[in-house]
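Colleague: Let me give you the structure first, and then I'll get to my questions.
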Amino acid sequence: MSDAALVRGTNRVVAAVAIVIVLALVGFAAIWSVRPPAARDAGASGFSAQRAFEQVEAIATEPHPVGSAAQDRVREHLVSELRGLGLSPEIQDTVSIEGGELSSSAGGAGLAHVRNVVTLIPGSASTGRIFLVAHTDSVQVGPGGNDDAAGTAAILEIARALTGGSRLRNDVVLVLTDGEEACLCGAKAFVDQHPLAKDGGIALNLEARGSSGPAIMFETAAGNRALVDVYAHAPKPVGTSFAVEIYRLLPNDTDFTAFREAGFTGLNTAYIDGAAIYHAPTDLPSAMNLDSLQHHGDNALAVTRDLGGRDLSALRSSDDATYFPAPGLLVRYPGGLVWPLAGLALVAVIVFGWLARRQGITTGRKLVGASIVTLLPIIVAPVLAQLLWALLKVIRPEYAELPIDPYHPGWYRLAVLALTATVLFAWYSWFHRWRRAGPAALAIAGLGWLAVLGLALAATMPGGSYLGALPALAGAVAGIVALLVRGWWSALAIAAGGAVAVIILLPTVIMLFPALGMPMAGVGAFLAVLLGLALLPVIEMIHPVAGGQRGLDALRARRRGAAPTLAALFATVLCTVVGLSVDRFDAGHPALTQLMYALDTDNNTAQWLSDEPRVQSWTSQYVSGDPHTVDATLPAFGPEKMRSGQAQAASLPAPKLTLESDIRSGDSRVLKLRLQPQRQVRLTTLHVESGATVTAATVGGRELPADKLEVKEKDGPWGFGIVFHGPPAEGVEITLTVQASGPVKFRAMDGSDGLTALPGFQGRPSGVGIVGSHTSELLAVAKTYTL
């Protein structure tokens with residue numbers, strides 16, 4: 001918007017410099033609001049990241065999946081530490097059915113033999129229970145230094161602080177679960193079977209999906225307003241209701257899922273940056289940022305103490321809060337204000353447009369034209385961001401196998417932001433001089449689209465409506481004030497409107513980049529475009545203007561107008577090149593590969609398998625061709641497609657399936673079976689042929705609910721199945737009621753970890769690592785039985 005329209009009665013250059021300085025300071029403060037605090041020793045009553053880190057080093061010495069000897073050692077260590085604090089931990093030893101939606105098979109259910117460590121810190125006059133939750137197991141290929149030794153160690157340090165201080169009013173229950181990585185089975189076992197869970201309560205789950213960054217409160221149960229008010233008083237609350245909305249759309253689950261689905265309320269917190277190590281062998285204690293651990297513990301301890309002194313029976317709310325971080329606080333308001341604020345924002349933009357027309361700054365036709373062309377950066381910037389990531393994967397094919405982000409994604413994120421600025425500056429340089437638009441119309445149109453977004457999100461994702469509604473409302477009010485006053489007051493209004501947009505949108509951009517990763521860079525670009533649209537009045541003040549010049553002067557003015565675009569484009573290229581230079585693969589930051597081995601003892605044939613989307617150089621010596629389904633021989637993988645290659649058959653025994661009893665009634669048979677591994681394995685599976693219908697099933701003493709009997713995929717030769725994690729040496733007892741007219745075929749499989757002893761396996765060279773998938777390094781042996 002021109003200086004004649006807004007900043008009247010003062011020097012344009014001076015005002016522009018002042019506004020830029022103010023917004024830069026606001027931007028630094030907004031970034032600080034989502035940075036973790038420095039690690040420190042807060043004394044005996046506080047949380048010490050260094051003390052907690054010593055526990056991390058003790059826990060994450062090696063991979064320790066559910067059922068492993070290494071996990072037994074971790075559990076013994078935890079029990080010893082808790083007893084040393086004067087507590088009386090117990091082991092909940094049970095079989096559990098999977099929690100959430102993490103079914104491991106094409107049909108049926110996942111189960112596990114879990115051993116949770118549960119400890120009660122009794123309150124003085126308890127009004128309810130607070131459950132501190134973290135999982136103690138790791139994936140099969142990594143030691144879990146961050147995921148989730150961080151959460152487990154944080155709870156041990158919190159327990160030390162609580163037991164060393166005055167007694168809380170309310171009970172605190174420490175729930176250190178088993179089998180989270182396999183099937184969320186430990187958390188499910190606790191909420192379904194443990195007496196301490198029968199009355200529900202407030203669950204605070206501590207997770208990690210990376211190695212650094214702030215501890216973000218990213219998920220809540222429904223009706224979270226009262227709990228968000230408590231969380232807002234934590235030392236440094238970082239979270240956004242938009243993240244809650246996003247997470248509800250994702251297929252991800254944590255232990256918190258089991259608690260939430262069982263009717264508990266609560267908060268789920270994790271730090272998520274540095275996700276290249278996620279579930280990988282590189283998730284070592286040495287990879288951890290102690291500042292992130294400090295943030296995790298500071299907030300969890302403060303929230304526990306706050307809840308520990310309240311009347312929990314009165315801590316109720318029926319609606320969700322809208323909330324987001326700001327410098328020094330967590331801004332929040334009731335969900336009932338979402339629609340009024342969204343509607344008010346649209347009204348304010350309309351009034352802004354009407355006033356601008358009345359003062360002759362723009363016209364109705366220009367507003368319509370500007371509204372149309374303003375869609376260009378909203379669409380183009382995210383598309384180009386996705387194309388940038390596609391280009392990076394062409395240059396570095398290894399990126400395709402990374403779980404979320406490269407090892408050093410910072411420069412790439414800056415490249416996306418610079419690319420977004422390039423699009424915005426190029427678009428604005430062209431259309432702010434367009435006779436059918438102009439700067440005033442573009443600014444109003446930008447705020448209009450923000451207001452429309454606020455309304456759309458109010459209808460679909462209420463917790464994210466503030467992203468559009470509040471910047472639009474603040475920008476429109478600032479524009480109205482700027483039109484009605486003169487001098488520095490108009491400049492102050494522009495600065496205030498821009499500051500609100502920076503405070504709201506900049507931290508969200510920073511948090512969503514690591515949350516969604518470079519594969520979804522377009523989302524970060526989209527939010528950056530929104531910030532740019534909200535700052536159009538500021539962009540106009542600092543943008544070189546061409547107007548009234550002729551000849552050489554006009555040419556120079558146009559060149560000055562193109563300068564911001566060229567500078568942003570140069571920054572895009574520079575950041576991309578620096579990113580490629582900095583983010584290289586080496587022994588400490590290996591390119592990740594995925595490989596497994598499957599032996600079919602029916603015909604003594606074996607094959608290598610890989611689900612890499614693009615076969616990497618090392619993996620290509622084992623597999624080739626197009627991906628295909630493997631459910632005929634490995635039904636536990638369902639419809640998953642993998643590439644394969646011929647392998648030498650190893651001398652390995654298949655799991656043994658024994659028929660212990662068979663009761664027949666017509667075409668119905670009640671089969672009591674025992675599935676027993678003949679070697680040390682991580683999991684074992686059993687699937688029934690698709691022609692037979694399983695109407696009831698009991699596995700390891702646990703009766704499966706009806707929904708777990710449903711077969712999800714019916715095209716293959718196998719139907720209902722179970723996957724049992726951490727099977728005991730004596731095997732798993734399975735009772736099935738099967739409807740079949742004749743003999744029934746079963747496909748049994750078990751899986752262990754490690755390929756190094758297999759014939760034909762060549763070790764990975766330096767710089768080549770293992771991706772953290774559940775099938776990495778899996779050695780599967782399968783056999784068909786007819787009973």
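We name chains A, B, ... following the order of the structure tokens; residues begin at 1 in each chain, and ligands are numbered from 1 as shown.
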Within 10 Å of A:Gln646, counting only C-alpha atoms, which residues qualify if same-chain residues fewer than 4 places away don't, as a list of chain:residue names?
Modeller: A:Tyr597, A:Thr605, A:Ala606, A:Gln607, A:Trp608, A:Leu609, A:Tyr622, A:Val623, A:Ser624
Colleague: Those selected residues, please, written with C-alpha atoms and delivered as an mmCIF file, in the first residue's frame.
Modeller:
data_model
loop_
_atom_site.group_PDB
_atom_site.id
_atom_site.type_symbol
_atom_site.label_atom_id
_atom_site.label_comp_id
_atom_site.auth_asym_id
_atom_site.auth_seq_id
_atom_site.Cartn_x
_atom_site.Cartn_y
_atom_site.Cartn_z
ATOM 1 C CA TYR A 597 15.721 -62.195 4.524
ATOM 2 C CA THR A 605 14.062 -71.526 -0.827
ATOM 3 C CA ALA A 606 15.097 -68.080 0.373
ATOM 4 C CA GLN A 607 14.937 -64.541 -0.873
ATOM 5 C CA TRP A 608 16.214 -61.107 -0.015
ATOM 6 C CA LEU A 609 13.523 -58.450 0.303
ATOM 7 C CA TYR A 622 20.490 -58.222 -3.259
ATOM 8 C CA VAL A 623 17.219 -57.134 -4.868
ATOM 9 C CA SER A 624 16.024 -55.898 -8.247
#
Colleague: Taking 2 positions as the minimum chain separation for residues in the same chain, which residues sit within 8 Å of A:Asp750 when counting only C-alpha atoms? Answer as an mmCIF file with N, CA, C and O atoms, in the first residue's frame.
Modeller:
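Once written, selection.cif looks like this:
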data_model
loop_
_atom_site.group_PDB
_atom_site.id
_atom_site.type_symbol
_atom_site.label_atom_id
_atom_site.label_comp_id
_atom_site.auth_asym_id
_atom_site.auth_seq_id
_atom_site.Cartn_x
_atom_site.Cartn_y
_atom_site.Cartn_z
ATOM 1 N N ALA A 654 12.044 -73.794 11.344
ATOM 2 C CA ALA A 654 10.799 -73.031 11.317
ATOM 3 C C ALA A 654 10.104 -73.142 12.671
ATOM 4 O O ALA A 654 10.383 -74.062 13.457
ATOM 5 N N PRO A 655 9.192 -72.222 12.967
ATOM 6 C CA PRO A 655 8.424 -72.363 14.208
ATOM 7 C C PRO A 655 7.586 -73.641 14.171
ATOM 8 O O PRO A 655 7.118 -74.067 13.117
ATOM 9 N N PRO A 677 8.503 -71.095 18.855
ATOM 10 C CA PRO A 677 9.738 -70.845 18.100
ATOM 11 C C PRO A 677 10.792 -71.888 18.442
ATOM 12 O O PRO A 677 10.870 -72.366 19.582
ATOM 13 N N VAL A 681 13.770 -65.571 18.910
ATOM 14 C CA VAL A 681 13.136 -64.693 17.933
ATOM 15 C C VAL A 681 12.516 -63.475 18.633
ATOM 16 O O VAL A 681 12.314 -63.450 19.844
ATOM 17 N N ARG A 682 12.183 -62.477 17.813
ATOM 18 C CA ARG A 682 11.531 -61.273 18.304
ATOM 19 C C ARG A 682 10.026 -61.365 18.185
ATOM 20 O O ARG A 682 9.280 -60.785 18.973
ATOM 21 N N LEU A 683 9.554 -62.079 17.174
ATOM 22 C CA LEU A 683 8.117 -62.197 16.957
ATOM 23 C C LEU A 683 7.810 -63.514 16.273
ATOM 24 O O LEU A 683 8.674 -64.136 15.651
ATOM 25 N N THR A 684 6.563 -63.922 16.398
ATOM 26 C CA THR A 684 6.088 -65.095 15.686
ATOM 27 C C THR A 684 4.683 -64.817 15.195
ATOM 28 O O THR A 684 3.931 -64.056 15.829
ATOM 29 N N THR A 685 4.316 -65.391 14.043
ATOM 30 C CA THR A 685 3.011 -65.108 13.446
ATOM 31 C C THR A 685 2.332 -66.404 13.033
ATOM 32 O O THR A 685 2.991 -67.429 12.777
ATOM 33 N N ALA A 748 2.852 -70.471 9.487
ATOM 34 C CA ALA A 748 3.558 -70.017 10.683
ATOM 35 C C ALA A 748 4.874 -69.360 10.268
ATOM 36 O O ALA A 748 5.554 -69.815 9.346
ATOM 37 N N SER A 752 13.642 -63.025 13.630
ATOM 38 C CA SER A 752 14.707 -62.585 14.528
ATOM 39 C C SER A 752 15.423 -61.416 13.869
ATOM 40 O O SER A 752 15.108 -61.027 12.745
ATOM 41 N N ALA A 780 13.280 -63.836 8.616
ATOM 42 C CA ALA A 780 12.004 -64.533 8.770
ATOM 43 C C ALA A 780 12.104 -65.961 8.253
ATOM 44 O O ALA A 780 12.683 -66.219 7.193
ATOM 45 N N VAL A 781 11.527 -66.869 9.018
ATOM 46 C CA VAL A 781 11.473 -68.281 8.614
ATOM 47 C C VAL A 781 10.026 -68.725 8.692
ATOM 48 O O VAL A 781 9.354 -68.542 9.722
ATOM 49 N N ALA A 782 9.509 -69.320 7.598
ATOM 50 C CA ALA A 782 8.084 -69.647 7.520
ATOM 51 C C ALA A 782 7.877 -71.107 7.108
ATOM 52 O O ALA A 782 8.716 -71.714 6.432
#
Colleague: When distances are computed from only C-alpha atoms, which of A:Glu540, A:Ala459, A:Val66, A:Leu574 shows the smallest separation from A:Arg433?
Modeller: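 For A:Arg433, the nearest of the candidates is A:Glu540.
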Colleague: Quick one: of A:Ala109, A:Leu184, A:Ala321, A:Ala49, who's nearest to A:Thr698, counting only C-alpha atoms?
Modeller: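 Closest to A:Thr698, using only C-alpha atoms: A:Ala109.
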Colleague: With only C-alpha atoms as the counted atoms, please give the residues lying no more than 12 Å from A:Asp753, apart from itself and same-chain residues fewer than 6 positions off, as a list in words.
Modeller: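 Counting only the stated atoms, we get Pro63, His64, Pro65, Ser68, Val139, Gln140, Val141, Gly142, Leu595, Met596, Tyr597, Ala598, Arg679, Gln680, Val681, Arg682, Leu683, His774, Thr775, Ser776, Glu777, Leu778, Leu779, Ala780 and Val781 of chain A.
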Colleague: Set the distance at 7 Å and use only C-alpha atoms: which residues neighbour A:Ala270 once local chain neighbours fewer than 6 positions away are removed? I'd like the list as a list of chain:residue names.
Modeller: A:Leu206, A:Glu207, A:Ala208, A:Arg209, A:Ala215, A:Ile216, A:Met217
Colleague: For A:Arg614, which of A:Ile59, A:Leu375, A:Ala287, A:Met642 is the closest residue, counting only C-alpha atoms?
Modeller: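 The closest residue to A:Arg614 is A:Met642.
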Colleague: Given the choices A:Glu703, A:Asp631, A:Asp283, A:Glu689, which gets closest to A:Leu111 if the distance is worked out from only C-alpha atoms?
Modeller: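 Of A:Glu703, A:Asp631, A:Asp283, A:Glu689, the one nearest A:Leu111, counting only C-alpha atoms, is A:Glu703.
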Colleague: Which one of A:Pro325, A:Gly369, A:Gly479, A:Gly700 sits closest to A:Ser96 if you count only C-alpha atoms?
Modeller: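 Result for the nearest residue to A:Ser96: A:Gly700.
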